[in-house]
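Colleague: Provided below: entry_16.cif, containing mmCIF, C-alpha atoms and all ligand atoms.
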```cif
data_query
loop_
_atom_site.label_atom_id
_atom_site.label_comp_id
_atom_site.auth_asym_id
_atom_site.auth_seq_id
_atom_site.Cartn_x
_atom_site.Cartn_y
_atom_site.Cartn_z
CA MET F 27 -120.37 59.21 -152.31
CA ARG F 28 -121.57 56.06 -150.61
CA ALA F 29 -121.53 56.16 -146.83
CA ASP F 30 -122.60 53.63 -144.21
CA ILE F 31 -123.13 54.50 -140.58
CA ILE F 32 -122.99 51.72 -138.00
CA THR F 33 -124.91 52.54 -134.82
CA ILE F 34 -127.11 51.15 -132.06
CA PHE F 35 -129.49 54.11 -132.59
CA PRO F 36 -130.41 53.80 -136.28
CA ARG F 37 -133.66 55.79 -135.90
CA LEU F 38 -131.84 58.76 -134.38
CA VAL F 39 -129.30 58.82 -137.20
CA GLU F 40 -131.85 58.18 -139.95
CA ALA F 41 -134.08 61.01 -138.69
CA ALA F 42 -131.25 63.54 -138.85
CA LEU F 43 -130.17 62.40 -142.31
CA SER F 44 -133.68 62.79 -143.71
CA GLU F 45 -133.87 66.58 -143.29
CA GLY F 46 -132.48 69.62 -145.01
CA VAL F 47 -129.60 69.69 -147.46
CA VAL F 48 -128.46 66.13 -146.67
CA GLY F 49 -132.01 64.74 -146.91
CA ARG F 50 -132.47 66.37 -150.32
CA ALA F 51 -129.11 65.09 -151.58
CA ARG F 52 -130.16 61.57 -150.58
CA THR F 53 -133.55 61.84 -152.27
CA ALA F 54 -131.93 63.22 -155.43
CA GLY F 55 -129.42 60.34 -155.40
CA THR F 56 -126.40 62.68 -155.25
CA VAL F 57 -125.23 60.76 -152.19
CA ASP F 58 -126.14 57.26 -151.02
CA ILE F 59 -126.10 57.00 -147.23
CA ARG F 60 -127.27 53.92 -145.34
CA VAL F 61 -127.73 53.43 -141.64
CA ARG F 62 -126.92 49.99 -140.17
CA ASP F 63 -128.26 48.73 -136.86
CA LEU F 64 -125.33 47.15 -135.01
CA ARG F 65 -127.71 44.80 -133.16
CA GLU F 66 -128.53 43.05 -136.42
CA PHE F 67 -124.99 41.71 -136.39
CA THR F 68 -125.28 39.96 -133.02
CA ASP F 69 -126.23 36.29 -132.68
CA ASP F 70 -127.57 35.97 -129.14
CA ARG F 71 -131.16 36.27 -127.98
CA HIS F 72 -130.51 39.58 -126.24
CA ARG F 73 -128.68 41.09 -129.22
CA THR F 74 -125.78 42.02 -126.96
CA VAL F 75 -123.40 44.66 -128.27
CA ASP F 76 -121.46 45.41 -125.06
CA ASP F 77 -119.75 43.71 -122.13
CA VAL F 78 -117.83 44.56 -118.94
CA PRO F 79 -114.27 45.90 -119.30
CA PHE F 80 -111.33 43.57 -118.70
CA GLY F 81 -109.40 44.92 -115.72
CA GLY F 82 -112.58 46.24 -114.11
CA GLY F 83 -113.88 49.78 -113.89
CA PRO F 84 -117.20 51.47 -114.53
CA GLY F 85 -119.39 51.20 -117.60
CA MET F 86 -119.49 48.84 -120.53
CA VAL F 87 -117.30 48.33 -123.59
CA MET F 88 -118.60 47.76 -127.11
CA LYS F 89 -117.76 44.25 -128.34
CA ALA F 90 -115.54 43.77 -131.39
CA GLU F 91 -117.39 40.94 -133.14
CA PRO F 92 -120.67 42.73 -134.02
CA VAL F 93 -118.66 45.64 -135.45
CA TYR F 94 -116.54 43.19 -137.46
CA ARG F 95 -119.64 41.51 -138.88
CA ALA F 96 -121.32 44.80 -139.68
CA LEU F 97 -118.21 45.86 -141.61
CA GLU F 98 -118.10 42.54 -143.46
CA ALA F 99 -121.73 43.04 -144.51
CA VAL F 100 -121.01 46.59 -145.71
CA ARG F 101 -117.95 45.35 -147.61
CA ALA F 102 -119.95 42.60 -149.32
CA GLU F 103 -122.81 44.88 -150.33
CA ARG F 104 -120.99 48.09 -151.08
CA GLY F 105 -117.38 47.23 -151.83
CA ASN F 106 -114.16 47.99 -149.99
CA PRO F 107 -114.37 51.31 -148.13
CA ASP F 108 -111.79 54.07 -148.67
CA ALA F 109 -111.96 54.87 -144.98
CA VAL F 110 -113.41 53.28 -141.84
CA VAL F 111 -113.85 56.07 -139.32
CA LEU F 112 -114.37 55.48 -135.62
CA MET F 113 -115.98 58.36 -133.74
CA THR F 114 -114.25 58.72 -130.35
CA PRO F 115 -113.12 61.55 -128.07
CA GLN F 116 -109.66 59.89 -128.28
CA GLY F 117 -109.49 60.62 -132.01
CA ARG F 118 -107.72 63.35 -133.95
CA PRO F 119 -109.65 66.63 -134.09
CA PHE F 120 -112.00 66.82 -137.10
CA ARG F 121 -111.21 69.76 -139.41
CA GLN F 122 -112.48 71.22 -142.67
CA GLN F 123 -109.61 69.47 -144.49
CA ASP F 124 -110.91 66.11 -143.22
CA ALA F 125 -114.38 67.00 -144.49
CA GLU F 126 -112.82 67.75 -147.89
CA ARG F 127 -110.91 64.46 -147.90
CA PHE F 128 -114.01 62.42 -146.92
CA SER F 129 -116.17 64.25 -149.49
CA ARG F 130 -113.89 63.01 -152.28
CA MET F 131 -114.22 59.36 -151.22
CA ALA F 132 -116.39 56.93 -153.13
CA ARG F 133 -117.03 54.71 -150.08
CA LEU F 134 -116.97 55.75 -146.46
CA VAL F 135 -117.93 53.90 -143.25
CA LEU F 136 -118.53 55.58 -139.90
CA ILE F 137 -118.72 53.64 -136.65
CA CYS F 138 -120.50 55.25 -133.70
CA GLY F 139 -118.98 54.24 -130.39
CA ARG F 140 -121.05 54.08 -127.20
CA TYR F 141 -120.55 53.31 -123.51
CA GLU F 142 -116.98 53.59 -122.19
CA GLY F 143 -115.52 52.90 -125.62
CA VAL F 144 -115.04 50.20 -128.23
CA ASP F 145 -112.81 47.14 -127.81
CA GLU F 146 -109.39 48.47 -128.85
CA ARG F 147 -108.89 45.58 -131.28
CA VAL F 148 -111.48 47.24 -133.55
CA ALA F 149 -109.27 50.32 -133.86
CA GLU F 150 -106.18 48.14 -134.26
CA THR F 151 -107.49 46.00 -137.10
CA LEU F 152 -110.51 47.56 -138.82
CA VAL F 153 -110.34 51.33 -138.48
CA THR F 154 -108.37 53.75 -140.68
CA ASP F 155 -109.22 57.02 -138.87
CA GLU F 156 -110.19 57.80 -135.28
CA VAL F 157 -111.95 61.16 -135.21
CA SER F 158 -113.09 63.49 -132.42
CA ILE F 159 -115.35 66.48 -133.09
CA GLY F 160 -114.07 68.43 -130.09
CA ASP F 161 -112.70 68.38 -126.59
CA TYR F 162 -115.85 67.34 -124.81
CA VAL F 163 -117.39 63.95 -124.15
CA LEU F 164 -120.77 63.06 -125.61
CA THR F 165 -122.86 60.00 -124.76
CA GLY F 166 -121.93 58.39 -128.06
CA GLY F 167 -120.60 58.76 -131.57
CA GLU F 168 -123.96 59.32 -133.29
CA LEU F 169 -123.96 63.12 -133.17
CA PRO F 170 -120.26 63.22 -134.12
CA ALA F 171 -120.92 60.92 -137.11
CA LEU F 172 -123.74 63.23 -138.20
CA VAL F 173 -121.41 66.21 -137.90
CA VAL F 174 -118.81 64.50 -140.08
CA ILE F 175 -121.36 63.38 -142.68
CA ASP F 176 -122.98 66.82 -142.82
CA ALA F 177 -119.65 68.61 -143.28
CA ALA F 178 -118.54 66.15 -145.99
CA VAL F 179 -121.83 65.84 -147.90
CA ARG F 180 -122.24 69.58 -148.43
CA LEU F 181 -118.85 69.56 -150.21
CA VAL F 182 -119.91 66.85 -152.68
CA PRO F 183 -120.37 68.61 -156.05
CA GLY F 184 -124.04 69.31 -156.77
CA VAL F 185 -125.24 69.10 -153.15
CA VAL F 186 -125.11 72.82 -152.35
CA GLY F 187 -126.68 74.69 -155.28
CA ASP F 188 -124.39 77.72 -155.21
CA ALA F 189 -120.79 76.44 -155.34
CA ALA F 190 -119.54 79.92 -154.38
CA SER F 191 -121.18 79.56 -150.99
CA VAL F 192 -119.01 76.50 -150.32
CA ASP F 193 -115.82 78.15 -151.65
CA ASP F 194 -116.37 81.14 -149.36
CA ASP F 195 -116.76 79.02 -146.23
CA SER F 196 -115.10 79.87 -143.00
CA PHE F 197 -111.96 77.71 -142.71
CA THR F 198 -111.73 76.97 -146.44
CA ARG F 199 -109.39 79.95 -146.69
CA GLY F 200 -108.29 79.94 -143.09
CA LEU F 201 -110.41 82.89 -141.91
CA LEU F 202 -113.75 83.21 -140.16
CA ASP F 203 -116.69 84.67 -142.10
CA HIS F 204 -117.63 88.36 -142.17
CA PRO F 205 -120.93 89.49 -140.61
CA GLN F 206 -124.08 89.13 -142.74
CA TYR F 207 -127.27 91.23 -142.70
CA THR F 208 -130.63 90.98 -144.40
CA ARG F 209 -133.71 93.17 -144.65
CA PRO F 210 -134.90 95.40 -143.11
CA ALA F 211 -131.97 97.85 -143.36
CA GLU F 212 -133.05 99.29 -140.00
CA TRP F 213 -134.20 96.84 -137.34
CA ARG F 214 -135.27 98.10 -133.90
CA GLY F 215 -133.11 101.17 -134.28
CA ARG F 216 -130.04 99.30 -135.51
CA HIS F 217 -128.73 100.02 -139.01
CA VAL F 218 -126.89 97.82 -141.46
CA PRO F 219 -123.34 99.16 -142.15
CA ASP F 220 -123.62 101.90 -144.83
CA VAL F 221 -121.10 100.29 -147.14
CA LEU F 222 -123.36 97.25 -147.68
CA VAL F 223 -126.18 99.38 -149.10
CA SER F 224 -123.82 101.64 -151.08
CA GLY F 225 -123.72 99.48 -154.20
CA HIS F 226 -119.90 99.84 -154.39
CA HIS F 227 -118.83 96.26 -154.93
CA ARG F 228 -115.11 96.91 -154.50
CA GLU F 229 -115.73 98.70 -151.21
CA ILE F 230 -118.04 95.91 -150.04
CA GLU F 231 -115.36 93.31 -150.78
CA ARG F 232 -112.76 95.40 -148.94
CA TRP F 233 -115.03 95.78 -145.91
CA ARG F 234 -115.83 92.06 -145.83
CA ARG F 235 -112.21 91.07 -146.06
CA HIS F 236 -111.31 93.49 -143.26
CA GLU F 237 -114.09 92.09 -141.06
CA ARG F 238 -112.95 88.52 -141.67
CA VAL F 239 -109.41 89.33 -140.61
CA ARG F 240 -110.61 91.37 -137.60
CA ARG F 241 -112.94 88.63 -136.36
CA THR F 242 -110.35 85.93 -136.82
CA ARG F 243 -107.77 87.99 -134.91
CA GLU F 244 -110.24 88.61 -132.06
CA ARG F 245 -111.88 85.20 -131.83
CA ARG F 246 -109.49 82.65 -133.32
CA PRO F 247 -105.94 84.03 -133.41
CA ASP F 248 -104.74 80.41 -133.68
CA LEU F 249 -106.10 80.32 -137.26
CA LEU F 250 -104.03 83.27 -138.47
CA ALA F 251 -100.80 81.30 -138.73
CA GLY F 252 -102.38 79.21 -141.51
CA ALA F 253 -104.20 82.09 -143.28
CA THR F 254 -102.98 83.90 -146.38
CA LEU F 255 -102.79 87.60 -145.51
CA THR F 256 -101.46 90.56 -147.48
CA ALA F 257 -98.43 92.43 -146.15
CA ASP F 258 -100.75 95.30 -145.13
CA GLU F 259 -102.99 92.94 -143.21
CA ARG F 260 -100.01 91.45 -141.37
CA ASN F 261 -98.75 94.98 -140.57
CA ASP F 262 -102.17 96.03 -139.35
CA MET F 263 -102.11 93.09 -137.05
CA GLY F 264 -98.70 94.03 -135.71
CA ALA F 265 -100.11 97.49 -134.94
CA HIS F 266 -103.13 95.91 -133.25
CA ASP F 267 -100.91 93.66 -131.11
CA ALA F 268 -98.76 96.65 -130.14
CA ARG F 269 -101.86 98.60 -129.05
CA GLU F 270 -103.01 95.62 -126.99
CA LYS F 271 -99.58 95.42 -125.32
CA GLU F 272 -99.64 99.13 -124.41
CA GLN F 273 -102.94 98.59 -122.64
CA GLU F 274 -101.61 95.73 -120.54
CA PRO F 275 -101.23 96.73 -116.87
N1 LIG F 301 -117.94 60.19 -128.70
C1 LIG F 301 -118.14 60.83 -127.53
N2 LIG F 301 -117.64 62.06 -127.54
C2 LIG F 301 -117.11 62.26 -128.80
C3 LIG F 301 -116.43 63.33 -129.43
N3 LIG F 301 -116.20 64.48 -128.81
N4 LIG F 301 -116.03 63.15 -130.70
C4 LIG F 301 -116.24 61.99 -131.34
N5 LIG F 301 -116.85 60.94 -130.77
C5 LIG F 301 -117.29 61.06 -129.53
#
```
So, in terms of C-alpha cells, how does the structure I just supplied come out?
Ligand code: ADE
Modeller:
Amino acid sequence: MRADIITIFPRLVEAALSEGVVGRARTAGTVDIRVRDLREFTDDRHRTVDDVPFGGGPGMVMKAEPVYRALEAVRAERGNPDAVVLMTPQGRPFRQQDAERFSRMARLVLICGRYEGVDERVAETLVTDEVSIGDYVLTGGELPALVVIDAAVRLVPGVVGDAASVDDDSFTRGLLDHPQYTRPAEWRGRHVPDVLVSGHHREIERWRRHERVRRTRERRPDLLAGATLTADERNDMGAHDAREKEQEP
C-alpha cells in the first residue's frame, strides 16, 4: 500500500506515523506512507491555504487550488490513486469494512480538512470518498486521517504478526470482543474467571463466544442485526429481551 496524506500539520502526522505497528511497517517497507505539506503547493509569499467564505460567516475555508496542486504532484510521483479521501464531519461514517477496502488499495490519498471546511469544488471534482470518524467535530482532519490509516494499515498482510489477531477483531464478525485477562490470576482480591485457567479449550471458546454476544447485546444492540448468531443465541436474546420487558415499570 502506498498512501499520501495532505495536511497543513505534517510534523503532527509524521510523528504519529513513526511509532508502533505503523512505524514498524513503514521501516520494514511493508507500507509506503508519505506526508505532504499543503503549504508547499501555494505560490504566494504567505503560503496561504485558506480564505474567507463566500456569503459571509465565521471562520476560514480551505482553498481549492493548493489541494489540486498537491494531488497533481502525488499523481505524478506515485501514479493514479484508487481513492482520494477527504476527512470531514460531513462524510459517511468510517467502518471496519472501509478499513478493509482501503487496506486492499495500492494507492490511497487522504486530505485533511481544516478551518470551517474545504472549498466544495474539491469534493465535487477531486474526491472519491468523504469520510467522518464519528459524530463529533474535531479541529481538523489530521487525527481522523491517522485513524483511517491506522485501521487500514494493520489489515495489510504482514503488518500484524499474528493474522489470527486481525481475524478475531471486534466488528470483523459483527460482535464486540470478549473480556481478556493476564497474570496474576488473582489481582487485589479479584480472580480471573475459573474457566480461563481450566485448560478446557472447548469450554473457553464457549465462554468467550457467550461473552461476546452478551457484551454486544448490552453495549451495541445495533450491531446484532448484522451479526451471525446461532438459533440458540437468538433465542437466548429473546429471553433476555422478555426479562427486560417484565422489569419495565
Ligand atoms: N474533521 C473534523 N471533525 C471530523 C470528523 N469527526 N471526522 C472526520 N473529519 C473531521
Colleague: With all atoms listed in the file counted, collect every polymer residue having an atom within 9 Å of ligand LIG 301 (chain F); state the result as a VMD selection string.
Modeller: chain F and resid 112 to 120 138 to 141 143 156 to 171
Colleague: Measuring between all atoms listed in the file, which one of F:Arg127, F:Arg28, F:Arg71, F:His227 shows the shortest distance to Asp155 in chain F?
Modeller: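 Ranking F:Arg127, F:Arg28, F:Arg71, F:His227 by distance to Asp155 in chain F, first place goes to F:Arg127.
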Colleague: What does the structure give for the distance between CA of His236 in chain F and CA of Lys271 in chain F, in Å to one decimal?
Modeller: 21.5 Å
Colleague: Nearest to Arg50 in chain F: which of F:His72, F:Arg238, F:Arg180, F:His217 is it, counting only C-alpha atoms?
Modeller: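 When distances to Arg50 in chain F are compared using only C-alpha atoms, the smallest one comes from F:Arg180.
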Colleague: Using all atoms of range 239-246 of chain F that appear in the file, construct an axis-aligned enclosing box with 4 Å of padding on every side and provide its centre coordinates and edge lengths in Å, rounded to one decimal, as lines of an AutoDock Vina configuration file.
Modeller:
```
center_x = -110.4
center_y = 87.0
center_z = -136.2
size_x = 13.2
size_y = 16.7
size_z = 16.8
```
Colleague: What does the structure give for the distance between CA of Thr208 in chain F and CA of Gly225 in chain F, in Å to one decimal?
Modeller: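 Going from CA of Thr208 in chain F over to CA of Gly225 in chain F covers 14.7 Å.
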Colleague: For Val75 in chain F, which residue among F:Met27, F:Gly105, F:Val61, F:Asp145 is the nearest when counting all atoms listed in the file?
Modeller: F:Asp145
Colleague: To one decimal place in Å, what is the distance between CA of Arg133 in chain F and CA of Asp176 in chain F?
Modeller: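 CA of Arg133 in chain F sits 15.3 Å away from CA of Asp176 in chain F.
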Colleague: Under the rule that all atoms listed in the file are counted, which of F:Leu249, F:Met131, F:Ala51, F:Ala96 is the nearest residue to Arg65 in chain F?
Modeller: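 Looking only at the distances to Arg65 in chain F, the closest residue turns out to be F:Ala96.
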Colleague: Using all atoms listed in the file, which of the listed residues (F:Asn261, F:Gln206, F:Gln122, F:Thr74) sits closest to Lys89 in chain F?
Modeller: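 Checking each of F:Asn261, F:Gln206, F:Gln122, F:Thr74 against Lys89 in chain F, counting all atoms listed in the file, the winner is F:Thr74.
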Colleague: Restricting the calculation to all atoms listed in the file: of F:Ile230, F:Val57, F:Ala102, F:Tyr94, which residue gets closest to Gly184 in chain F?
Modeller: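 Residue with the minimum atom-to-atom distance to Gly184 in chain F: F:Val57.
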Colleague: Compile the contact shell of Ser196 in chain F as a PDB file with C-alpha atoms, in the coordinates of the input: residues with an atom at most 10 Å away, counting all atoms listed in the file, same-chain residues fewer than 4 positions apart removed.
Modeller:
```
ATOM      1  CA  GLN F 122    -112.480  71.220-142.670  1.00  0.00           C
ATOM      2  CA  VAL F 192    -119.010  76.500-150.320  1.00  0.00           C
ATOM      3  CA  GLY F 200    -108.290  79.940-143.090  1.00  0.00           C
ATOM      4  CA  LEU F 201    -110.410  82.890-141.910  1.00  0.00           C
ATOM      5  CA  LEU F 202    -113.750  83.210-140.160  1.00  0.00           C
ATOM      6  CA  ASP F 203    -116.690  84.670-142.100  1.00  0.00           C
ATOM      7  CA  HIS F 204    -117.630  88.360-142.170  1.00  0.00           C
ATOM      8  CA  ARG F 238    -112.950  88.520-141.670  1.00  0.00           C
ATOM      9  CA  THR F 242    -110.350  85.930-136.820  1.00  0.00           C
TER      10      THR F 242
END
```
